[in-house]
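Here the structure comes first, spelled out in structure tokens, and everything after it is commentary.
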Amino acid sequence: MNGLNGAALAYLGDAVFELEIRKLMVEAGIHRPQNLHTHVAELTSGKAQAWAFSLIESMLNAHEIGFFKHGRNAKLSKKSRRASMQEAHTSSGFEAIFGGLYMQEDTARIAQLCRHIVQTKHPEFFAN
């Protein structure tokens with residue numbers, strides 16, 4: 001795990017995931033800041049990340065599941081206002097996957113997982 005604890009992987013992964021989602025939205029032709037914010041926010045909340053994990057769980061290899069468990073089991077710094085404790089822990093684990101992949105410089109896998117999430121949520125963005 002490159003010496004990073006689960007909370008650090010989740011912290012890093014939060015930024016990695018949001019940046020990749022922003023990139024995909026721009027590539028899909030969404031250029032107005034308000035629209036970008038709306039679409040990105042709906043995929044980066046704790047509840048959305050818990051949903052996204054359930055979507056990609058079957059696609060993950062053992063190493064990625066290890067990142068997930070490392071982040072899921074990390075102590076949360078604060079209680080989520082909008083997500084249940086289970087969703088918050090799942091969200092932290094989800095973020096840790098992206099933090100771990102980023103530390104391994106596996107940008108192709110990050111892009112693959114994020115694209116799958118966005119295509120499932122918004123297939124209309126990829127109709128062409």
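For the structure tokens, the naming scheme is as follows: chains receive sequential letters (A, B, ...) according to their order of presentation, residues are indexed from 1 within each chain, and ligands are indexed from 1 in presentation order.
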Proximity check range 102-122 of chain A to range 43-61 of chain A, 9 Å, nearest pairs one decimal Å, only C-alpha atoms, as a Markdown table:
| residue | atom | partner | partner_atom | distance |
| --- | --- | --- | --- | --- |
| A:Leu113 | CA | A:Ile56 | CA | 7.0 |
| A:His116 | CA | A:Ile56 | CA | 7.9 |
| A:Ile117 | CA | A:Ala52 | CA | 6.3 |
| A:Val118 | CA | A:Leu43 | CA | 8.1 |
| A:Thr120 | CA | A:Leu55 | CA | 8.6 |
| A:Lys121 | CA | A:Leu43 | CA | 8.5 |
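Shell of His37 in chain A at 12 Å, with only C-alpha atoms counted and residues fewer than 5 places along the chain excluded, is Glu18, Leu19, Ile21, Arg22, Lys23, Met25, Val26, Ile30, His31, Arg32, Glu42, Leu43, Thr44 and Ser45 of chain A.
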Expressed in Å, the length from CA of Gln34 in chain A to CA of Ser92 in chain A is 26.4 Å
Could you give me, as a PyMOL selection string, each residue of chain A that DSSP assigns to helix (DSSP H, G or I) when run on this structure's backbone?
chain A and resi 6-27+33-44+46-59+62-72+85-103+107-121+123-126
Of the listed residues A:Asp106, A:Thr90, A:Arg115, A:Ala96, that which approaches Leu4 in chain A most closely, counting only C-alpha atoms:
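Among the listed residues, the smallest separation from Leu4 in chain A belongs to A:Ala96.
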Report the distance between CA of Asp14 in chain A and CA of Ile97 in chain A in Å, rounded to one decimal place.
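Going from CA of Asp14 in chain A over to CA of Ile97 in chain A covers 9.5 Å.
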Polymer residues at most 12 Å from Ala127 in chain A, only C-alpha atoms, same-chain spacing of 6 or more positions, as a PDB file with N, CA and C atoms, in the first residue's frame:
ATOM      1  N   ALA A  28     -17.478  14.708 -22.477  1.00  0.00           N
ATOM      2  CA  ALA A  28     -18.839  14.395 -22.932  1.00  0.00           C
ATOM      3  C   ALA A  28     -19.545  15.623 -23.490  1.00  0.00           C
ATOM      4  N   GLY A  29     -18.881  16.775 -23.439  1.00  0.00           N
ATOM      5  CA  GLY A  29     -19.461  17.984 -24.027  1.00  0.00           C
ATOM      6  C   GLY A  29     -20.157  18.902 -23.049  1.00  0.00           C
ATOM      7  N   GLN A 119     -20.832   6.044 -17.629  1.00  0.00           N
ATOM      8  CA  GLN A 119     -21.661   5.482 -18.701  1.00  0.00           C
ATOM      9  C   GLN A 119     -22.913   4.809 -18.150  1.00  0.00           C
ATOM     10  N   THR A 120     -22.817   4.226 -16.978  1.00  0.00           N
ATOM     11  CA  THR A 120     -23.989   3.602 -16.368  1.00  0.00           C
ATOM     12  C   THR A 120     -24.978   4.655 -15.881  1.00  0.00           C
TER      13      THR A 120
END
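Comparing A:His89, A:His122, A:Arg109, A:His39 by their smallest distance to Glu64 in chain A, the closest is A:Arg109 (using only C-alpha atoms).
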Nearest to Leu101 in chain A, restricted to only C-alpha atoms and choosing among A:Phe17, A:Pro33, A:Pro123, A:Ala7, comes out as A:Phe17
Residues of range 17-128 of chain A that have any atom at most 9 Å from an atom of range 8-12 of chain A: could you tabulate them with the shortest-distance atom pair and the distance in Å to one decimal, using only C-alpha atoms, ordered by chain and increasing number, as CSV?
residue,atom,partner,partner_atom,distance
A:Phe17,CA,A:Leu12,CA,8.8
A:Phe67,CA,A:Leu9,CA,8.0
A:Phe68,CA,A:Ala10,CA,8.9
A:His70,CA,A:Leu9,CA,8.4
A:Gly71,CA,A:Ala10,CA,5.9
A:Arg72,CA,A:Ala10,CA,8.7
A:Ala74,CA,A:Ala10,CA,8.8
A:Ser91,CA,A:Ala10,CA,8.5
A:Ser92,CA,A:Ala10,CA,5.4
A:Gly93,CA,A:Ala10,CA,6.7
A:Phe94,CA,A:Ala10,CA,7.5
A:Glu95,CA,A:Ala10,CA,4.5
A:Ala96,CA,A:Ala10,CA,3.9
A:Ile97,CA,A:Ala10,CA,7.5
A:Phe98,CA,A:Ala10,CA,7.7
A:Gly99,CA,A:Leu9,CA,4.7
A:Gly100,CA,A:Leu9,CA,6.1
A:Tyr102,CA,A:Leu12,CA,8.2
A:Met103,CA,A:Leu9,CA,8.7
